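*Asks:* Take a look at structure21.txt, compact mmCIF, C-alpha atoms:
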# COMPACT_ATOMS: atom_id res chain seq x y z
CA MET A 611 0.32 -18.55 17.01
CA LEU A 612 -0.96 -15.13 15.98
CA THR A 613 -3.62 -15.04 13.29
CA MET A 614 -4.90 -12.07 11.36
CA THR A 615 -6.73 -11.50 8.12
CA HIS A 616 -4.97 -10.37 4.98
CA THR A 617 -6.81 -7.08 5.42
CA ALA A 618 -5.30 -6.52 8.86
CA LEU A 619 -1.84 -7.42 7.62
CA HIS A 620 -2.31 -5.11 4.64
CA LYS A 621 -3.21 -2.21 6.96
CA ILE A 622 0.03 -2.69 8.87
CA LYS A 623 2.06 -2.76 5.66
CA VAL A 624 0.33 0.32 4.27
CA HIS A 625 0.93 2.16 7.55
CA SER A 626 4.61 1.24 7.41
CA MET A 627 4.80 2.68 3.87
CA GLU A 628 2.96 5.86 4.81
CA ALA A 629 5.24 6.52 7.76
CA TYR A 630 8.51 5.73 5.92
CA PRO A 631 11.28 6.72 6.61
CA GLU A 632 9.84 7.11 10.11
CA GLU A 633 8.57 4.27 12.23
CA CYS A 634 4.85 3.65 12.45
CA CYS A 635 3.07 2.03 15.37
CA GLY A 636 -0.28 0.70 16.42
CA ILE A 637 -2.27 -1.56 18.70
CA LEU A 638 -3.61 -5.03 17.97
CA VAL A 639 -7.03 -5.78 19.39
CA GLY A 640 -8.57 -9.23 19.49
CA LEU A 641 -8.98 -12.35 21.52
CA GLU A 642 -6.69 -14.90 23.10
CA ASN A 643 -7.70 -18.52 23.42
CA LYS A 644 -5.99 -21.86 23.82
CA GLY A 645 -4.97 -21.92 20.19
CA GLY A 646 -3.28 -18.53 20.33
CA LYS A 647 -4.23 -14.96 19.61
CA GLU A 648 -6.56 -13.65 16.93
CA VAL A 649 -6.23 -10.06 15.70
CA LEU A 650 -9.68 -8.62 15.03
CA ASP A 651 -8.81 -4.97 14.71
CA VAL A 652 -5.74 -2.90 13.97
CA LEU A 653 -5.61 0.55 15.54
CA LYS A 654 -3.23 2.97 13.86
CA ILE A 655 -1.58 5.23 16.44
CA ASP A 656 0.34 8.42 15.74
CA ASN A 657 3.97 7.96 16.72
CA ALA A 658 4.21 10.20 19.80
CA LYS A 659 7.98 10.31 19.73
CA GLY A 660 9.12 13.88 19.23
CA GLU A 661 12.56 13.08 17.84
CA ASN A 662 14.47 10.18 16.31
CA ARG A 663 11.24 8.99 14.70
CA THR A 664 13.22 7.09 12.04
CA ARG A 665 14.32 4.67 14.74
CA ARG A 666 11.98 5.12 17.69
CA PHE A 667 8.25 4.97 18.34
CA LEU A 668 6.09 5.69 21.34
CA ILE A 669 2.48 4.89 22.19
CA THR A 670 1.39 7.08 25.09
CA PRO A 671 -0.43 5.85 28.19
CA ALA A 672 -3.44 7.90 27.08
CA ASP A 673 -3.58 6.09 23.72
CA TYR A 674 -3.11 2.73 25.41
CA ARG A 675 -5.82 3.48 27.96
CA ARG A 676 -8.27 4.57 25.25
CA ALA A 677 -7.57 1.45 23.18
CA GLU A 678 -8.01 -0.85 26.15
CA ALA A 679 -11.31 0.81 27.10
CA GLU A 680 -12.61 0.54 23.53
CA ALA A 681 -11.54 -3.09 23.27
CA SER A 682 -13.10 -3.95 26.60
CA ALA A 683 -16.39 -2.34 25.58
CA GLU A 684 -16.45 -4.76 22.61
CA GLY A 685 -15.59 -7.76 24.76
CA LEU A 686 -12.06 -7.81 23.33
CA GLU A 687 -8.55 -7.22 24.61
CA VAL A 688 -5.35 -5.46 23.64
CA ILE A 689 -3.32 -8.48 22.53
CA GLY A 690 -0.27 -6.77 21.14
CA PHE A 691 1.35 -3.95 19.23
CA TYR A 692 2.98 -3.37 15.88
CA HIS A 693 5.68 -1.09 14.62
CA SER A 694 7.86 -0.77 11.56
CA HIS A 695 11.60 -1.03 11.12
CA PRO A 696 12.49 1.20 8.15
CA ASP A 697 15.39 -0.26 6.19
CA HIS A 698 15.98 -2.76 8.95
CA PRO A 699 15.06 -6.43 9.54
CA ALA A 700 11.77 -7.40 11.19
CA MET A 701 13.57 -8.50 14.30
CA PRO A 702 13.40 -6.93 17.77
CA SER A 703 16.22 -4.66 18.83
CA GLN A 704 17.77 -4.43 22.28
CA PHE A 705 15.72 -1.26 22.73
CA ASP A 706 12.55 -3.21 21.89
CA LEU A 707 13.57 -5.85 24.43
CA ASP A 708 14.32 -3.33 27.17
CA HIS A 709 10.86 -1.78 26.82
CA ALA A 710 8.71 -4.85 26.20
CA TRP A 711 5.61 -5.92 28.05
CA PRO A 712 4.97 -9.60 28.70
CA SER A 713 2.18 -11.67 27.15
CA CYS A 714 1.84 -9.34 24.16
CA SER A 715 2.54 -9.99 20.51
CA TYR A 716 5.06 -7.56 19.04
CA VAL A 717 4.54 -7.48 15.29
CA ILE A 718 7.43 -5.87 13.43
CA ALA A 719 7.10 -4.85 9.78
CA SER A 720 10.27 -4.35 7.81
CA VAL A 721 10.01 -1.70 5.10
CA GLU A 722 12.88 -1.10 2.70
CA GLU A 723 12.95 2.02 0.55
CA ARG A 724 9.20 2.34 1.16
CA ILE A 725 8.53 -1.23 0.01
CA PRO A 726 6.96 -3.48 2.70
CA CYS A 727 8.97 -6.62 3.29
CA ALA A 728 8.85 -9.23 6.04
CA VAL A 729 6.32 -9.04 8.85
CA ARG A 730 7.10 -11.18 11.90
CA SER A 731 5.70 -11.52 15.40
CA TRP A 732 7.57 -11.82 18.68
CA VAL A 733 6.73 -12.44 22.33
CA LEU A 734 8.88 -11.50 25.32
CA LYS A 735 10.22 -14.43 27.31
CA ASP A 736 9.01 -14.45 30.88
CA ASP A 737 12.52 -13.85 32.23
CA ARG A 738 12.89 -10.77 29.96
CA THR A 739 16.15 -12.07 28.47
CA ALA A 740 14.94 -12.28 24.87
CA PHE A 741 12.04 -12.37 22.47
CA GLU A 742 10.80 -15.61 20.96
CA GLU A 743 9.26 -15.62 17.51
CA GLU A 744 5.66 -16.77 17.30
CA PRO A 745 4.15 -18.11 14.09
CA LEU A 746 2.14 -15.46 12.25
CA GLU A 747 -0.68 -16.72 10.06
CA SER A 748 -2.47 -14.46 7.65
CA LEU A 749 -5.84 -15.78 6.49
CA GLN A 750 -7.06 -15.38 2.94
CA LYS A 751 -10.71 -15.30 3.84
CA GLU A 752 -12.25 -12.66 6.03
CA ALA A 753 -12.96 -15.25 8.66
CA TYR A 754 -13.43 -12.70 11.38
CA ARG A 755 -16.03 -10.01 11.61
CA PRO A 756 -14.56 -6.54 12.04
CA ILE A 757 -15.50 -4.79 15.26
CA ARG A 758 -17.19 -2.19 13.19
CA LYS A 759 -17.20 -1.24 9.58
CA GLY A 760 -13.96 0.29 8.39
CA SER A 761 -12.02 -1.11 11.27
CA ALA A 762 -8.82 0.78 10.50
CA ARG A 763 -9.65 3.34 13.13
CA ALA A 764 -6.95 5.79 13.96
CA ILE A 765 -6.11 7.61 17.13
CA HIS A 766 -4.65 11.01 16.42
CA HIS A 767 -3.21 13.46 18.90
CA MET B 1188 -8.41 -0.03 54.02
CA SER B 1189 -8.45 -1.47 50.50
CA THR B 1190 -7.63 0.48 47.39
CA LYS B 1191 -8.58 -0.62 43.92
CA VAL B 1192 -5.63 -1.28 41.60
CA MET B 1193 -6.38 -1.64 37.88
CA ILE B 1194 -4.21 -4.18 36.06
CA PRO B 1195 -3.54 -3.73 32.31
CA THR B 1196 -4.07 -6.65 29.96
CA PRO B 1197 -0.36 -7.56 29.54
CA LEU B 1198 -0.02 -8.19 33.27
CA ARG B 1199 -3.21 -10.14 33.88
CA ALA B 1200 -1.46 -13.40 33.13
CA TYR B 1201 0.25 -12.81 36.48
CA THR B 1202 -2.85 -11.81 38.48
CA GLU B 1203 -5.03 -14.85 37.80
CA LYS B 1204 -6.64 -12.91 34.91
CA LYS B 1205 -7.95 -10.27 37.31
CA ASP B 1206 -8.27 -6.77 35.91
CA VAL B 1207 -8.84 -5.28 39.36
CA VAL B 1208 -7.03 -6.19 42.56
CA LEU B 1209 -7.91 -4.81 46.01
CA LEU B 1210 -4.82 -4.07 48.07
CA GLU B 1211 -4.06 -2.62 51.49
CA GLY B 1212 -1.72 0.32 51.96
CA ASN B 1213 -1.30 4.01 52.66
CA THR B 1214 0.89 4.88 49.69
CA VAL B 1215 1.31 3.82 46.08
CA GLY B 1216 4.58 2.18 47.10
CA ASP B 1217 2.75 0.10 49.72
CA LEU B 1218 0.26 -1.08 47.12
CA LEU B 1219 2.93 -1.96 44.56
CA HIS B 1220 4.92 -3.80 47.23
CA GLN B 1221 1.86 -5.80 48.20
CA LEU B 1222 1.00 -6.45 44.57
CA THR B 1223 4.44 -7.85 43.79
CA SER B 1224 4.51 -9.83 47.03
CA THR B 1225 1.20 -11.46 46.13
CA TYR B 1226 2.15 -11.97 42.50
CA ALA B 1227 5.93 -12.26 42.65
CA PRO B 1228 6.62 -12.80 38.90
CA LEU B 1229 5.15 -9.34 38.27
CA ARG B 1230 8.11 -7.69 39.99
CA ARG B 1231 10.58 -8.06 37.12
CA HIS B 1232 8.13 -6.49 34.69
CA LEU B 1233 7.35 -3.46 36.89
CA PHE B 1234 10.75 -2.79 38.47
CA ASP B 1235 14.30 -2.77 37.13
CA ASP B 1236 17.28 -4.42 38.80
CA GLN B 1237 17.80 -1.33 40.97
CA GLY B 1238 14.24 -1.56 42.27
CA SER B 1239 13.01 1.50 40.38
CA LEU B 1240 9.79 1.52 38.41
CA ARG B 1241 10.62 0.88 34.76
CA SER B 1242 10.38 3.96 32.56
CA PHE B 1243 7.52 2.54 30.50
CA VAL B 1244 5.42 1.68 33.55
CA ASN B 1245 3.04 4.51 34.39
CA VAL B 1246 1.11 4.59 37.63
CA TYR B 1247 -1.85 6.88 38.00
CA VAL B 1248 -3.87 7.77 41.08
CA ASN B 1249 -7.26 8.47 39.60
CA ASP B 1250 -6.21 10.55 36.57
CA GLU B 1251 -2.91 11.88 37.92
CA ASP B 1252 0.47 10.41 36.99
CA ILE B 1253 2.39 9.79 40.24
CA ARG B 1254 5.48 11.37 38.62
CA TYR B 1255 3.67 14.69 39.11
CA LEU B 1256 2.54 13.82 42.64
CA GLN B 1257 4.83 12.34 45.28
CA GLN B 1258 5.80 9.35 43.12
CA GLU B 1259 5.66 6.12 45.14
CA GLU B 1260 5.15 8.14 48.33
CA THR B 1261 1.83 9.40 46.97
CA ARG B 1262 -0.81 8.71 49.60
CA VAL B 1263 -3.96 6.81 48.72
CA THR B 1264 -7.30 6.15 50.36
CA GLU B 1265 -10.02 3.62 49.74
CA LYS B 1266 -11.75 6.20 47.55
CA ASP B 1267 -8.86 6.30 45.08
CA THR B 1268 -8.30 4.11 42.05
CA VAL B 1269 -4.72 3.29 41.17
CA SER B 1270 -4.05 2.30 37.56
CA ILE B 1271 -0.97 0.73 36.01
CA ILE B 1272 -0.87 1.93 32.41
CA PRO B 1273 1.70 0.93 29.81
CA SER B 1274 3.66 3.17 27.51
CA ILE B 1275 4.75 1.21 24.48
CA ALA B 1276 8.18 2.12 23.19
CA GLY B 1277 10.68 0.57 20.86
CA GLY B 1278 12.48 0.93 17.60
CA LYS B 1279 15.29 -0.38 15.51
CA GLU B 1280 18.83 -0.60 16.79
CA SER B 1281 20.80 2.23 15.31
CA ALA B 1282 20.40 5.59 13.62
CA GLN B 1283 20.50 5.30 9.85
Please render this file's structure as structure tokens.

*Replies:*
Amino acid sequence: MLTMTHTALHKIKVHSMEAYPEECCGILVGLENKGGKEVLDVLKIDNAKGENRTRRFLITPADYRRAEAEASAEGLEVIGFYHSHPDHPAMPSQFDLDHAWPSCSYVIASVEERIPCAVRSWVLKDDRTAFEEEPLESLQKEAYRPIRKGSARAIHH
Amino acid sequence: MSTKVMIPTPLRAYTEKKDVVLLEGNTVGDLLHQLTSTYAPLRRHLFDDQGSLRSFVNVYVNDEDIRYLQQEETRVTEKDTVSIIPSIAGGKESAQ
């Protein structure tokens, strides 16, 4: 189970609209406990891919390292990533599978003709043969405190 | 001689939740071999079927990417810190 507030989900959808027809990407920061993962912050990341940005995204090691350091300083963890699939279902591709890290939630936001559609979350199977969908719950109330005010921080190159 | 190896969050499920592991070896390859011998399920996530480091797995000695050093032959000492740092890549199936 992956939980996030409506605000966090909204930020992902807005980012997917802004980036359309290119793919957007970002990092999910939060906590993992027995009940699942809780997203407490959504970090927008500039797609570092130089070409084919309508069907590819890249988060650099430098961006990852910075996000992990920031999360750690707040007592949190990088718990997953998000990206958009413009005019394509919110399901992982073979390319997503080939490049996936274990343990992480991969949130995929489908956006069709700039309109946000389905948002689904996936986790790599331990044997790397496939993704499994994990339930994604979006909470109405702001049950979680943001790490800091205006938590839609962005990392720009 | 032990060298500090930093483990990124996605891999800590395989290292007993440790974010730092101390390993013995003279090269990065030695350390990675020891790491995946100690924590065998890590191997498939770091290396492909041909035994090469996966393209999205980045290994740094201090702040230098080993691709720009001597790759897995890069020598290390106890004063170095080796970090495994993810690149995150993906995208939809076909060009549209």

*Asks:* Quick one: residues within 9 Å of Lys659 (chain A), all atoms listed in the file, excluding same-chain residues fewer than 6 positions away - as a PyMOL selection string?

*Replies:* (chain A and resi 666-669) or (chain B and resi 1276)

*Asks:* Counting all atoms listed in the file, what is within 10 Å of Ser713 (chain A), bar same-chain residues fewer than 6 positions away, as a PDB file with C-alpha atoms, keeping the file's coordinate frame?

*Replies:*
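Saved to result00.pdb:
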ATOM      1  CA  ILE A 689      -3.320  -8.480  22.530  1.00  0.00           C
ATOM      2  CA  GLY A 690      -0.270  -6.770  21.140  1.00  0.00           C
ATOM      3  CA  VAL A 733       6.730 -12.440  22.330  1.00  0.00           C
ATOM      4  CA  LEU A 734       8.880 -11.500  25.320  1.00  0.00           C
ATOM      5  CA  LYS A 735      10.220 -14.430  27.310  1.00  0.00           C
ATOM      6  CA  ASP A 736       9.010 -14.450  30.880  1.00  0.00           C
TER       7      ASP A 736
ATOM      8  CA  THR B1196      -4.070  -6.650  29.960  1.00  0.00           C
ATOM      9  CA  PRO B1197      -0.360  -7.560  29.540  1.00  0.00           C
ATOM     10  CA  LEU B1198      -0.020  -8.190  33.270  1.00  0.00           C
ATOM     11  CA  ARG B1199      -3.210 -10.140  33.880  1.00  0.00           C
ATOM     12  CA  ALA B1200      -1.460 -13.400  33.130  1.00  0.00           C
ATOM     13  CA  TYR B1201       0.250 -12.810  36.480  1.00  0.00           C
TER      14      TYR B1201
END

*Asks:* When distances are computed from all atoms listed in the file, which of A:Cys635, A:Leu746, A:Met614, A:Leu653 shows the smallest separation from chain B?

*Replies:*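 Nearest candidate to chain B out of A:Cys635, A:Leu746, A:Met614, A:Leu653: A:Cys635.
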
*Asks:* Which polymer residues have any atom within 8 Å of an atom of region 1259-1265 of chain B, counting all atoms listed in the file, with same-chain residues fewer than 2 positions away left out, as a PDB file with C-alpha atoms, keeping the file's coordinate frame?

*Replies:*
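Done, and the output landed in part_9.pdb:
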ATOM      1  CA  MET B1188      -8.410  -0.030  54.020  1.00  0.00           C
ATOM      2  CA  SER B1189      -8.450  -1.470  50.500  1.00  0.00           C
ATOM      3  CA  THR B1190      -7.630   0.480  47.390  1.00  0.00           C
ATOM      4  CA  LYS B1191      -8.580  -0.620  43.920  1.00  0.00           C
ATOM      5  CA  GLY B1212      -1.720   0.320  51.960  1.00  0.00           C
ATOM      6  CA  ASN B1213      -1.300   4.010  52.660  1.00  0.00           C
ATOM      7  CA  THR B1214       0.890   4.880  49.690  1.00  0.00           C
ATOM      8  CA  VAL B1215       1.310   3.820  46.080  1.00  0.00           C
ATOM      9  CA  GLY B1216       4.580   2.180  47.100  1.00  0.00           C
ATOM     10  CA  VAL B1248      -3.870   7.770  41.080  1.00  0.00           C
ATOM     11  CA  ILE B1253       2.390   9.790  40.240  1.00  0.00           C
ATOM     12  CA  LEU B1256       2.540  13.820  42.640  1.00  0.00           C
ATOM     13  CA  GLN B1257       4.830  12.340  45.280  1.00  0.00           C
ATOM     14  CA  ASP B1267      -8.860   6.300  45.080  1.00  0.00           C
ATOM     15  CA  THR B1268      -8.300   4.110  42.050  1.00  0.00           C
TER      16      THR B1268
END

*Asks:* Which of these residues is nearest to Leu1233 (chain B), using only C-alpha atoms: A:Glu648, A:Asp708, A:Glu744, A:Glu723?

*Replies:* A:Asp708

*Asks:* Quick check, in Å to one decimal: how far apart do CA of Ala1227 (chain B) and CA of Gly1278 (chain B) lie?

*Replies:*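 Result for CA of Ala1227 (chain B) versus CA of Gly1278 (chain B): 29.1 Å, one decimal.
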
*Asks:* Here is a test: counting all atoms listed in the file, which residue of A:Gln704, A:Thr617, A:Phe691, A:Pro699 is nearest to Val721 (chain A)?

*Replies:*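 Distance minimum relative to Val721 (chain A) lands on A:Pro699.
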
*Asks:* May I ask for the distance between CA of Tyr1247 (chain B) and CA of Ser1274 (chain B), given in Å to one decimal place?

*Replies:* 12.4 Å

*Asks:* Between CA of Ala681 (chain A) and CA of Asp1206 (chain B), what is the distance, to one decimal in Å?

*Replies:*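 Distance reported for this atom pair: 13.6 Å.
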
*Asks:* Could you list, as a ChimeraX atom specification, the residues of chain B having an atom within 12 Å of chain A when counting only C-alpha atoms?

*Replies:* /B:1193-1201,1204,1206,1228-1236,1241-1247,1250-1252,1270-1283

*Asks:* Write out as a VMD selection string each polymer residue whose atoms come within 8 Å of Thr613 (chain A), counting all atoms listed in the file; drop sequence neighbours fewer than 5 positions from it.

*Replies:* chain A and resid 646 to 649 746 to 749

*Asks:* Which of these, A:Gly685, A:Gly645, A:Pro726, A:Gly660, has the shortest distance to His625 (chain A) once you count all atoms listed in the file?

*Replies:*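 Among A:Gly685, A:Gly645, A:Pro726, A:Gly660, it is A:Pro726 that comes nearest to His625 (chain A).
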
*Asks:* All heavy atoms for region 1206-1217 of chain B, written as a PDB file, in the coordinates of the input, could you do that?

*Replies:*
ATOM      1  N   ASP B1206      -8.567  -8.119  36.396  1.00  0.00           N
ATOM      2  CA  ASP B1206      -8.270  -6.770  35.910  1.00  0.00           C
ATOM      3  C   ASP B1206      -8.301  -5.744  37.042  1.00  0.00           C
ATOM      4  O   ASP B1206      -7.864  -4.608  36.862  1.00  0.00           O
ATOM      5  CB  ASP B1206      -9.206  -6.358  34.777  1.00  0.00           C
ATOM      6  CG  ASP B1206     -10.668  -6.414  35.175  1.00  0.00           C
ATOM      7  OD1 ASP B1206     -10.983  -6.853  36.293  1.00  0.00           O
ATOM      8  OD2 ASP B1206     -11.513  -6.001  34.350  1.00  0.00           O
ATOM      9  N   VAL B1207      -8.826  -6.148  38.183  1.00  0.00           N
ATOM     10  CA  VAL B1207      -8.840  -5.280  39.360  1.00  0.00           C
ATOM     11  C   VAL B1207      -8.386  -6.102  40.562  1.00  0.00           C
ATOM     12  O   VAL B1207      -8.844  -7.236  40.751  1.00  0.00           O
ATOM     13  CB  VAL B1207     -10.264  -4.751  39.652  1.00  0.00           C
ATOM     14  CG1 VAL B1207     -10.243  -3.840  40.876  1.00  0.00           C
ATOM     15  CG2 VAL B1207     -10.822  -4.005  38.453  1.00  0.00           C
ATOM     16  N   VAL B1208      -7.487  -5.530  41.340  1.00  0.00           N
ATOM     17  CA  VAL B1208      -7.030  -6.190  42.560  1.00  0.00           C
ATOM     18  C   VAL B1208      -7.218  -5.203  43.713  1.00  0.00           C
ATOM     19  O   VAL B1208      -6.888  -4.019  43.573  1.00  0.00           O
ATOM     20  CB  VAL B1208      -5.543  -6.595  42.449  1.00  0.00           C
ATOM     21  CG1 VAL B1208      -5.061  -7.259  43.728  1.00  0.00           C
ATOM     22  CG2 VAL B1208      -5.327  -7.524  41.261  1.00  0.00           C
ATOM     23  N   LEU B1209      -7.750  -5.659  44.825  1.00  0.00           N
ATOM     24  CA  LEU B1209      -7.910  -4.810  46.010  1.00  0.00           C
ATOM     25  C   LEU B1209      -6.718  -5.046  46.928  1.00  0.00           C
ATOM     26  O   LEU B1209      -6.426  -6.191  47.297  1.00  0.00           O
ATOM     27  CB  LEU B1209      -9.214  -5.137  46.737  1.00  0.00           C
ATOM     28  CG  LEU B1209     -10.499  -4.769  45.986  1.00  0.00           C
ATOM     29  CD1 LEU B1209     -11.724  -5.265  46.750  1.00  0.00           C
ATOM     30  CD2 LEU B1209     -10.578  -3.263  45.774  1.00  0.00           C
ATOM     31  N   LEU B1210      -6.038  -3.947  47.266  1.00  0.00           N
ATOM     32  CA  LEU B1210      -4.820  -4.070  48.070  1.00  0.00           C
ATOM     33  C   LEU B1210      -4.850  -3.096  49.236  1.00  0.00           C
ATOM     34  O   LEU B1210      -5.486  -2.035  49.171  1.00  0.00           O
ATOM     35  CB  LEU B1210      -3.599  -3.783  47.198  1.00  0.00           C
ATOM     36  CG  LEU B1210      -3.368  -4.763  46.031  1.00  0.00           C
ATOM     37  CD1 LEU B1210      -2.300  -4.218  45.099  1.00  0.00           C
ATOM     38  CD2 LEU B1210      -2.981  -6.143  46.551  1.00  0.00           C
ATOM     39  N   GLU B1211      -4.119  -3.452  50.282  1.00  0.00           N
ATOM     40  CA  GLU B1211      -4.060  -2.620  51.490  1.00  0.00           C
ATOM     41  C   GLU B1211      -2.793  -1.778  51.470  1.00  0.00           C
ATOM     42  O   GLU B1211      -1.727  -2.275  51.118  1.00  0.00           O
ATOM     43  CB  GLU B1211      -4.004  -3.517  52.726  1.00  0.00           C
ATOM     44  CG  GLU B1211      -5.124  -4.545  52.806  1.00  0.00           C
ATOM     45  CD  GLU B1211      -6.311  -4.023  53.576  1.00  0.00           C
ATOM     46  OE1 GLU B1211      -6.116  -3.127  54.403  1.00  0.00           O
ATOM     47  OE2 GLU B1211      -7.432  -4.505  53.315  1.00  0.00           O
ATOM     48  N   GLY B1212      -2.909  -0.511  51.854  1.00  0.00           N
ATOM     49  CA  GLY B1212      -1.720   0.320  51.960  1.00  0.00           C
ATOM     50  C   GLY B1212      -2.059   1.784  52.031  1.00  0.00           C
ATOM     51  O   GLY B1212      -3.160   2.198  51.646  1.00  0.00           O
ATOM     52  N   ASN B1213      -1.094   2.565  52.524  1.00  0.00           N
ATOM     53  CA  ASN B1213      -1.300   4.010  52.660  1.00  0.00           C
ATOM     54  C   ASN B1213      -0.689   4.809  51.518  1.00  0.00           C
ATOM     55  O   ASN B1213      -1.012   5.972  51.329  1.00  0.00           O
ATOM     56  CB  ASN B1213      -0.701   4.496  53.981  1.00  0.00           C
ATOM     57  CG  ASN B1213      -1.411   3.894  55.179  1.00  0.00           C
ATOM     58  OD1 ASN B1213      -2.638   3.838  55.216  1.00  0.00           O
ATOM     59  ND2 ASN B1213      -0.639   3.425  56.146  1.00  0.00           N
ATOM     60  N   THR B1214       0.236   4.183  50.802  1.00  0.00           N
ATOM     61  CA  THR B1214       0.890   4.880  49.690  1.00  0.00           C
ATOM     62  C   THR B1214       0.893   3.975  48.449  1.00  0.00           C
ATOM     63  O   THR B1214       0.680   2.755  48.550  1.00  0.00           O
ATOM     64  CB  THR B1214       2.363   5.220  50.013  1.00  0.00           C
ATOM     65  OG1 THR B1214       3.089   3.987  50.149  1.00  0.00           O
ATOM     66  CG2 THR B1214       2.485   6.033  51.297  1.00  0.00           C
ATOM     67  N   VAL B1215       1.187   4.594  47.314  1.00  0.00           N
ATOM     68  CA  VAL B1215       1.310   3.820  46.080  1.00  0.00           C
ATOM     69  C   VAL B1215       2.393   2.758  46.238  1.00  0.00           C
ATOM     70  O   VAL B1215       2.240   1.610  45.808  1.00  0.00           O
ATOM     71  CB  VAL B1215       1.625   4.758  44.894  1.00  0.00           C
ATOM     72  CG1 VAL B1215       2.030   3.960  43.668  1.00  0.00           C
ATOM     73  CG2 VAL B1215       0.422   5.632  44.576  1.00  0.00           C
ATOM     74  N   GLY B1216       3.493   3.135  46.885  1.00  0.00           N
ATOM     75  CA  GLY B1216       4.580   2.180  47.100  1.00  0.00           C
ATOM     76  C   GLY B1216       4.117   0.967  47.905  1.00  0.00           C
ATOM     77  O   GLY B1216       4.487  -0.167  47.586  1.00  0.00           O
ATOM     78  N   ASP B1217       3.292   1.218  48.931  1.00  0.00           N
ATOM     79  CA  ASP B1217       2.750   0.100  49.720  1.00  0.00           C
ATOM     80  C   ASP B1217       1.962  -0.853  48.826  1.00  0.00           C
ATOM     81  O   ASP B1217       2.085  -2.081  48.921  1.00  0.00           O
ATOM     82  CB  ASP B1217       1.786   0.622  50.804  1.00  0.00           C
ATOM     83  CG  ASP B1217       2.478   1.404  51.906  1.00  0.00           C
ATOM     84  OD1 ASP B1217       3.712   1.301  52.014  1.00  0.00           O
ATOM     85  OD2 ASP B1217       1.764   2.119  52.652  1.00  0.00           O
TER      86      ASP B1217
END
